[in-house]
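Student: Dropping in start-v3.csv, with CSV, C-alpha atoms.
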chain,number,residue,atom,x,y,z
V,20,TYR,CA,144.2,6.1,91.5
V,21,PRO,CA,142.2,9.2,90.3
V,22,PRO,CA,138.4,9.1,90.5
V,23,ASP,CA,138.1,7.3,87.2
V,24,LEU,CA,140.4,4.5,88.7
V,25,SER,CA,142.9,4.8,85.8
V,26,LEU,CA,146.4,3.9,86.8
V,27,MET,CA,148.6,7.0,87.4
V,28,THR,CA,152.0,5.4,88.0
V,29,LYS,CA,153.5,2.1,89.1
V,30,ALA,CA,157.0,1.2,90.2
V,31,ARG,CA,159.1,-1.7,91.5
V,32,HIS,CA,161.7,-1.0,94.2
V,33,GLY,CA,164.4,-3.1,95.9
V,34,GLY,CA,167.4,-5.3,95.3
V,35,ILE,CA,168.3,-9.0,95.1
V,36,ASP,CA,167.7,-9.7,98.8
V,37,TYR,CA,164.6,-9.2,101.0
V,38,ASP,CA,162.7,-5.9,100.7
V,39,ALA,CA,159.3,-4.9,102.1
V,40,GLY,CA,157.1,-1.8,102.2
V,41,PHE,CA,154.8,-1.6,105.2
V,42,THR,CA,153.6,2.0,105.4
V,43,ILE,CA,152.7,5.0,103.3
V,44,ASP,CA,151.5,8.6,104.0
V,45,LEU,CA,150.2,11.2,101.7
V,46,VAL,CA,152.2,14.4,102.4
V,47,ASP,CA,150.4,16.7,99.9
V,48,ASP,CA,148.9,16.6,96.4
V,49,GLU,CA,152.3,16.0,94.9
V,50,HIS,CA,154.3,14.0,97.4
V,51,PHE,CA,154.0,10.8,99.5
V,52,VAL,CA,156.4,9.1,101.9
V,53,ALA,CA,156.8,5.3,102.2
V,54,GLY,CA,158.8,3.0,104.4
V,55,GLY,CA,159.5,-0.5,105.5
V,56,GLU,CA,162.5,-2.8,105.9
V,57,PHE,CA,165.3,-4.3,103.7
V,58,ILE,CA,168.4,-6.5,103.6
V,59,GLY,CA,171.5,-5.8,101.6
V,60,ALA,CA,171.2,-3.1,99.0
V,61,GLY,CA,168.7,-1.9,96.5
V,62,THR,CA,167.2,1.1,94.7
V,63,VAL,CA,164.1,3.0,95.8
V,64,GLY,CA,162.7,5.3,93.2
V,65,GLY,CA,166.1,5.9,91.7
V,66,GLN,CA,167.8,6.4,95.1
V,67,ASN,CA,170.3,3.8,96.2
V,68,ILE,CA,170.0,2.3,99.7
V,69,THR,CA,172.7,0.2,101.3
V,70,GLN,CA,172.9,-1.9,104.5
V,71,ASN,CA,176.0,-0.4,106.1
V,72,ILE,CA,176.2,-2.8,109.0
V,73,VAL,CA,175.7,-6.5,108.3
V,74,GLY,CA,172.6,-7.7,110.2
V,75,ASN,CA,169.0,-8.5,109.8
V,76,ASP,CA,166.2,-6.3,108.4
V,77,GLN,CA,166.8,-2.5,108.5
V,78,THR,CA,164.5,0.5,108.1
V,79,TRP,CA,164.2,2.4,104.8
V,80,ILE,CA,162.1,5.6,104.3
V,81,ALA,CA,161.7,7.6,101.1
V,82,LEU,CA,159.9,10.7,99.9
V,83,PHE,CA,158.3,10.3,96.4
V,84,ASP,CA,156.7,12.6,93.9
V,85,THR,CA,153.5,11.4,92.1
V,86,SER,CA,155.5,9.9,89.3
V,87,GLY,CA,157.1,7.4,91.7
V,88,THR,CA,160.5,9.1,91.7
V,89,ALA,CA,162.2,9.3,95.1
V,90,LEU,CA,163.4,12.8,96.0
V,91,TRP,CA,165.4,11.3,98.9
V,92,ALA,CA,165.8,8.0,100.8
V,93,THR,CA,167.3,7.2,104.1
V,94,THR,CA,168.0,4.1,106.2
V,95,ALA,CA,168.7,3.2,109.9
V,96,ASP,CA,171.6,0.9,110.4
V,97,ASN,CA,171.4,-2.0,112.9
V,98,ALA,CA,173.4,-5.1,113.5
V,99,GLY,CA,170.2,-6.6,115.0
V,100,PHE,CA,166.8,-5.6,113.5
V,101,ASN,CA,164.7,-2.5,112.8
V,102,SER,CA,161.7,-1.7,110.7
V,103,ALA,CA,159.5,1.3,109.9
V,104,GLN,CA,155.8,0.4,110.7
V,105,ALA,CA,154.0,3.8,110.5
V,106,LEU,CA,154.6,7.3,108.9
V,107,ALA,CA,153.1,10.7,109.4
V,108,HIS,CA,153.9,14.4,108.5
V,109,ASP,CA,153.3,17.8,110.1
V,110,SER,CA,152.2,21.1,108.6
V,111,GLU,CA,155.8,22.1,107.7
V,112,GLY,CA,156.4,18.9,105.8
V,113,ASN,CA,158.6,17.2,108.4
V,114,ILE,CA,158.4,13.4,108.2
V,115,TYR,CA,157.9,11.1,111.3
V,116,ALA,CA,158.5,7.3,111.3
V,117,ALA,CA,157.6,4.9,114.1
V,118,GLY,CA,159.0,1.4,114.2
V,119,ASN,CA,160.5,-1.4,116.1
V,120,TYR,CA,164.1,-2.3,116.8
V,121,GLN,CA,166.3,-4.8,118.6
V,122,GLY,CA,170.0,-4.2,119.4
V,123,SER,CA,171.7,-0.9,118.6
V,124,THR,CA,170.0,1.3,115.9
V,125,TYR,CA,171.9,4.2,114.4
V,126,PHE,CA,170.1,7.4,113.2
V,127,GLY,CA,172.0,10.2,111.7
V,128,SER,CA,175.7,10.3,112.3
V,129,ASP,CA,175.9,9.9,116.1
V,130,THR,CA,172.5,9.0,117.5
V,131,VAL,CA,172.2,5.4,118.8
V,132,LEU,CA,169.1,3.8,120.4
V,133,VAL,CA,169.9,0.6,122.3
V,134,SER,CA,167.1,-1.9,123.1
V,135,ASP,CA,166.7,-3.5,126.5
V,136,GLY,CA,166.9,-7.0,125.1
V,137,GLY,CA,163.5,-7.6,123.4
V,138,PHE,CA,161.9,-5.4,120.8
V,139,ASP,CA,161.7,-1.7,121.6
V,140,ALA,CA,159.9,1.1,119.8
V,141,TYR,CA,161.4,4.1,118.1
V,142,LEU,CA,160.0,7.4,116.8
V,143,VAL,CA,162.2,9.5,114.5
V,144,LYS,CA,161.9,12.9,112.8
V,145,TYR,CA,163.3,13.9,109.4
V,146,SER,CA,163.2,17.4,107.8
V,147,PRO,CA,161.3,17.9,104.5
V,148,THR,CA,164.6,17.3,102.7
V,149,GLY,CA,165.4,14.0,104.6
V,150,ASP,CA,167.8,15.3,107.2
V,151,PHE,CA,167.7,13.6,110.6
V,152,VAL,CA,166.4,15.8,113.4
V,153,TRP,CA,165.8,13.6,116.5
V,154,ALA,CA,164.9,10.1,117.6
V,155,ARG,CA,163.1,8.8,120.7
V,156,SER,CA,162.6,5.3,122.1
V,157,ALA,CA,160.3,3.4,124.4
V,158,HIS,CA,161.6,0.4,126.3
V,159,SER,CA,159.9,-2.6,127.8
V,160,THR,CA,161.0,-5.4,130.1
V,161,GLY,CA,159.3,-7.6,127.6
V,162,SER,CA,158.7,-6.3,124.1
V,163,VAL,CA,157.0,-3.2,122.7
V,164,TYR,CA,155.7,-2.8,119.1
V,165,THR,CA,154.4,0.3,117.2
V,166,TYR,CA,151.7,0.0,114.7
V,167,GLY,CA,149.9,3.4,114.2
V,168,LEU,CA,151.1,7.0,114.0
V,169,GLU,CA,149.2,10.2,113.2
V,170,CYS,CA,149.9,13.9,113.3
V,171,SER,CA,147.1,16.4,114.1
V,172,ALA,CA,146.4,19.7,112.3
V,173,ASP,CA,148.0,21.4,115.3
V,174,ASP,CA,151.2,19.4,114.9
V,175,ILE,CA,150.8,16.9,117.8
V,176,LEU,CA,151.9,13.3,117.3
V,177,TYR,CA,149.8,10.3,118.4
V,178,LEU,CA,151.3,6.8,118.5
V,179,THR,CA,149.8,3.4,119.3
V,180,GLY,CA,150.9,-0.2,119.6
V,181,GLN,CA,151.3,-2.9,122.3
V,182,PHE,CA,153.7,-3.7,125.1
V,183,GLN,CA,154.5,-6.3,127.7
V,184,ASN,CA,155.3,-5.9,131.4
V,185,THR,CA,156.6,-2.4,132.2
V,186,LEU,CA,156.8,0.2,129.4
V,187,THR,CA,159.4,3.0,130.1
V,188,ILE,CA,158.8,6.1,128.0
V,189,THR,CA,161.1,8.4,129.9
V,190,PRO,CA,163.0,7.6,133.1
V,191,THR,CA,160.1,8.9,135.2
V,192,ASP,CA,157.2,7.9,132.9
V,193,GLU,CA,156.1,4.2,133.0
V,194,ILE,CA,153.1,2.0,132.3
V,195,VAL,CA,152.6,-1.5,133.8
V,196,SER,CA,150.5,-3.9,131.7
V,197,ASN,CA,147.5,-5.7,133.1
V,198,GLY,CA,148.0,-8.8,131.1
V,199,PHE,CA,150.2,-10.5,128.5
V,200,TYR,CA,150.1,-7.5,126.1
V,201,ASP,CA,148.4,-4.1,126.7
V,202,VAL,CA,147.6,-1.3,124.3
V,203,MET,CA,149.9,1.8,124.5
V,204,MET,CA,148.9,5.3,123.4
V,205,ILE,CA,151.6,8.0,123.5
V,206,SER,CA,151.4,11.6,122.4
V,207,VAL,CA,154.6,13.5,121.5
V,208,LEU,CA,155.2,17.1,120.5
V,209,THR,CA,157.1,17.8,117.3
V,210,ASP,CA,160.2,18.9,119.2
V,211,GLY,CA,160.3,15.3,120.7
V,212,ASP,CA,159.0,16.2,124.1
V,213,LEU,CA,156.4,13.8,125.7
V,214,ASN,CA,152.9,15.2,125.7
V,215,TRP,CA,150.9,12.4,127.5
V,216,TYR,CA,150.6,8.6,127.6
V,217,ALA,CA,148.1,5.9,128.6
V,218,GLY,CA,147.7,2.2,128.7
V,219,LEU,CA,144.7,0.0,128.1
V,220,GLY,CA,144.3,-3.7,128.7
V,221,ALA,CA,142.6,-6.7,130.3
V,222,GLY,CA,144.1,-10.0,131.4
V,223,GLY,CA,144.9,-11.3,128.0
V,224,SER,CA,146.6,-9.9,124.9
V,225,ASP,CA,145.5,-6.4,123.6
V,226,SER,CA,146.9,-4.3,120.8
V,227,GLY,CA,146.4,-0.8,119.3
V,228,ASN,CA,146.8,-1.5,115.5
V,229,ASP,CA,145.9,1.9,114.1
V,230,LEU,CA,144.5,5.3,114.9
V,231,HIS,CA,143.0,8.4,113.3
V,232,VAL,CA,143.0,12.0,114.5
V,233,ASP,CA,139.7,13.8,113.9
V,234,ASP,CA,140.7,17.4,113.2
Mind turning this structure into structure tokens?
Tutor:
Amino acid sequence: YPPDLSLMTKARHGGIDYDAGFTIDLVDDEHFVAGGEFIGAGTVGGQNITQNIVGNDQTWIALFDTSGTALWATTADNAGFNSAQALAHDSEGNIYAAGNYQGSTYFGSDTVLVSDGGFDAYLVKYSPTGDFVWARSAHSTGSVYTYGLECSADDILYLTGQFQNTLTITPTDEIVSNGFYDVMMISVLTDGDLNWYAGLGAGGSDSGNDLHVDD
């Protein structure tokens, strides 16, 4: 809405099966990106999306203009489950999505992330035109969920969520929880390299649900 709260645009997206939008990020004054999960096939802002592998919920991400028209839309196939939970963008207009997945999730034409059995977390980068760039994952011996993602003015990504047991970010970088669920905080550079990480928790269940970068 503009300052006078008059409606600028509205739109309905989806198909005949289940569709959900969980996250939105304002890229600039003329564009925003949104994402969530879907089953089957549908239309997002005029762009067709299709579940190419029969399974449960799958990720959708789309870039829109202020009229609600999608400039591009993309999905992540999975015979199990995956869903986009948080979105961010950098100073060059690249789009980042963080989410959860179980099973084998396919990004691009040949990038596959395989979960360790429970729910794992993914972070994926797309170019301003929607081309896949890279994908990273964090694994847990229990489950790990992502809920918040931000990109700072100096193009550093910050991710938060929760995890059980032992969280493996890289083969040499791990966090062990203090209780049932602990908070995870992970910082990643825009080339996909790990910047830093930390865990926070007591003896019960703790979660990082959102975050904000103060530039």
Student: Could you tell me, as a PyMOL selection string, which residues have any atom at most 12 Å from (162.0, 13.1, 94.3), counting only C-alpha atoms?
Tutor: chain V and resi 49-52+63-66+81-92+147-149
Student: Between V:Ser196, V:Ser156, V:Thr209, V:Thr78, which is the closest to Leu176 in chain V once you count only C-alpha atoms?
Tutor: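 So, comparing all the options, the nearest one is V:Thr209.
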Student: Rank nothing, just name the residue among V:Asn214, V:Asn119, V:Gln77, V:Asn71 nearest to Ala105 in chain V, using only C-alpha atoms.
Tutor: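 Result for the nearest residue to Ala105 in chain V: V:Asn119.
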Student: Go ahead and compute the interatomic distance for CA of Thr185 in chain V and CA of His158 in chain V, in Å to one decimal.
Tutor: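 So the two atoms, CA of Thr185 in chain V and CA of His158 in chain V, lie 8.2 Å apart.
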Student: Using all atoms listed in the file, which residue out of V:Ser146, V:Thr124, V:Asn113, V:Thr62 lies closest to Asp96 in chain V?
Tutor: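 Going through V:Ser146, V:Thr124, V:Asn113, V:Thr62 one by one, the smallest distance to Asp96 in chain V is for V:Thr124.
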Student: Mind completing range 144-179 of chain V with N, CA and C atoms? Output as a CSV table (one decimal), in the coordinates of the input, please?
Tutor:
chain,number,residue,atom,x,y,z
V,144,LYS,N,162.3,11.7,113.6
V,144,LYS,CA,161.9,12.9,112.8
V,144,LYS,C,162.9,13.2,111.8
V,145,TYR,N,162.4,13.5,110.5
V,145,TYR,CA,163.3,13.9,109.4
V,145,TYR,C,162.7,15.2,108.9
V,146,SER,N,163.6,16.1,108.4
V,146,SER,CA,163.2,17.4,107.8
V,146,SER,C,162.6,17.1,106.5
V,147,PRO,N,161.9,18.1,105.9
V,147,PRO,CA,161.3,17.9,104.5
V,147,PRO,C,162.3,17.4,103.5
V,148,THR,N,163.6,17.7,103.7
V,148,THR,CA,164.6,17.3,102.7
V,148,THR,C,165.3,16.0,103.1
V,149,GLY,N,164.8,15.3,104.2
V,149,GLY,CA,165.4,14.0,104.6
V,149,GLY,C,166.5,14.0,105.6
V,150,ASP,N,166.8,15.2,106.2
V,150,ASP,CA,167.8,15.3,107.2
V,150,ASP,C,167.3,14.8,108.5
V,151,PHE,N,168.1,14.0,109.2
V,151,PHE,CA,167.7,13.6,110.6
V,151,PHE,C,167.6,14.7,111.5
V,152,VAL,N,166.6,14.7,112.4
V,152,VAL,CA,166.4,15.8,113.4
V,152,VAL,C,166.5,15.2,114.8
V,153,TRP,N,165.7,14.2,115.1
V,153,TRP,CA,165.8,13.6,116.5
V,153,TRP,C,165.2,12.2,116.4
V,154,ALA,N,165.5,11.4,117.5
V,154,ALA,CA,164.9,10.1,117.6
V,154,ALA,C,164.6,9.9,119.1
V,155,ARG,N,163.5,9.2,119.4
V,155,ARG,CA,163.1,8.8,120.7
V,155,ARG,C,162.8,7.3,120.8
V,156,SER,N,162.9,6.7,122.0
V,156,SER,CA,162.6,5.3,122.1
V,156,SER,C,161.7,5.1,123.3
V,157,ALA,N,161.0,3.9,123.3
V,157,ALA,CA,160.3,3.4,124.4
V,157,ALA,C,160.7,2.0,124.7
V,158,HIS,N,161.0,1.7,125.9
V,158,HIS,CA,161.6,0.4,126.3
V,158,HIS,C,160.6,-0.4,127.1
V,159,SER,N,160.7,-1.7,127.0
V,159,SER,CA,159.9,-2.6,127.8
V,159,SER,C,160.8,-3.7,128.4
V,160,THR,N,160.4,-4.2,129.6
V,160,THR,CA,161.0,-5.4,130.1
V,160,THR,C,160.7,-6.7,129.4
V,161,GLY,N,159.7,-6.6,128.5
V,161,GLY,CA,159.3,-7.6,127.6
V,161,GLY,C,159.6,-7.2,126.2
V,162,SER,N,158.6,-6.9,125.4
V,162,SER,CA,158.7,-6.3,124.1
V,162,SER,C,157.7,-5.2,123.9
V,163,VAL,N,157.9,-4.3,123.0
V,163,VAL,CA,157.0,-3.2,122.7
V,163,VAL,C,157.0,-3.0,121.2
V,164,TYR,N,155.8,-2.9,120.6
V,164,TYR,CA,155.7,-2.8,119.1
V,164,TYR,C,154.8,-1.6,118.8
V,165,THR,N,155.2,-0.8,117.7
V,165,THR,CA,154.4,0.3,117.2
V,165,THR,C,153.7,-0.1,116.0
V,166,TYR,N,152.4,0.3,115.8
V,166,TYR,CA,151.7,0.0,114.7
V,166,TYR,C,151.0,1.2,114.0
V,167,GLY,N,150.7,2.2,114.8
V,167,GLY,CA,149.9,3.4,114.2
V,167,GLY,C,150.5,4.7,114.6
V,168,LEU,N,150.5,5.6,113.7
V,168,LEU,CA,151.1,7.0,114.0
V,168,LEU,C,150.3,8.0,113.2
V,169,GLU,N,149.9,9.1,113.8
V,169,GLU,CA,149.2,10.2,113.2
V,169,GLU,C,149.7,11.5,113.7
V,170,CYS,N,149.6,12.6,112.9
V,170,CYS,CA,149.9,13.9,113.3
V,170,CYS,C,148.7,14.8,113.1
V,171,SER,N,148.3,15.5,114.2
V,171,SER,CA,147.1,16.4,114.1
V,171,SER,C,147.4,17.6,113.3
V,172,ALA,N,146.3,18.4,113.0
V,172,ALA,CA,146.4,19.7,112.3
V,172,ALA,C,147.2,20.7,113.1
V,173,ASP,N,147.2,20.5,114.5
V,173,ASP,CA,148.0,21.4,115.3
V,173,ASP,C,149.3,20.9,115.7
V,174,ASP,N,149.8,19.9,114.9
V,174,ASP,CA,151.2,19.4,114.9
V,174,ASP,C,151.5,18.7,116.3
V,175,ILE,N,150.6,17.8,116.7
V,175,ILE,CA,150.8,16.9,117.8
V,175,ILE,C,150.8,15.5,117.3
V,176,LEU,N,151.8,14.7,117.7
V,176,LEU,CA,151.9,13.3,117.3
V,176,LEU,C,151.2,12.3,118.2
V,177,TYR,N,150.5,11.3,117.6
V,177,TYR,CA,149.8,10.3,118.4
V,177,TYR,C,150.3,8.9,117.9
V,178,LEU,N,150.7,8.0,118.8
V,178,LEU,CA,151.3,6.8,118.5
V,178,LEU,C,150.6,5.7,119.3
V,179,THR,N,150.4,4.5,118.6
V,179,THR,CA,149.8,3.4,119.3
V,179,THR,C,150.5,2.1,119.0
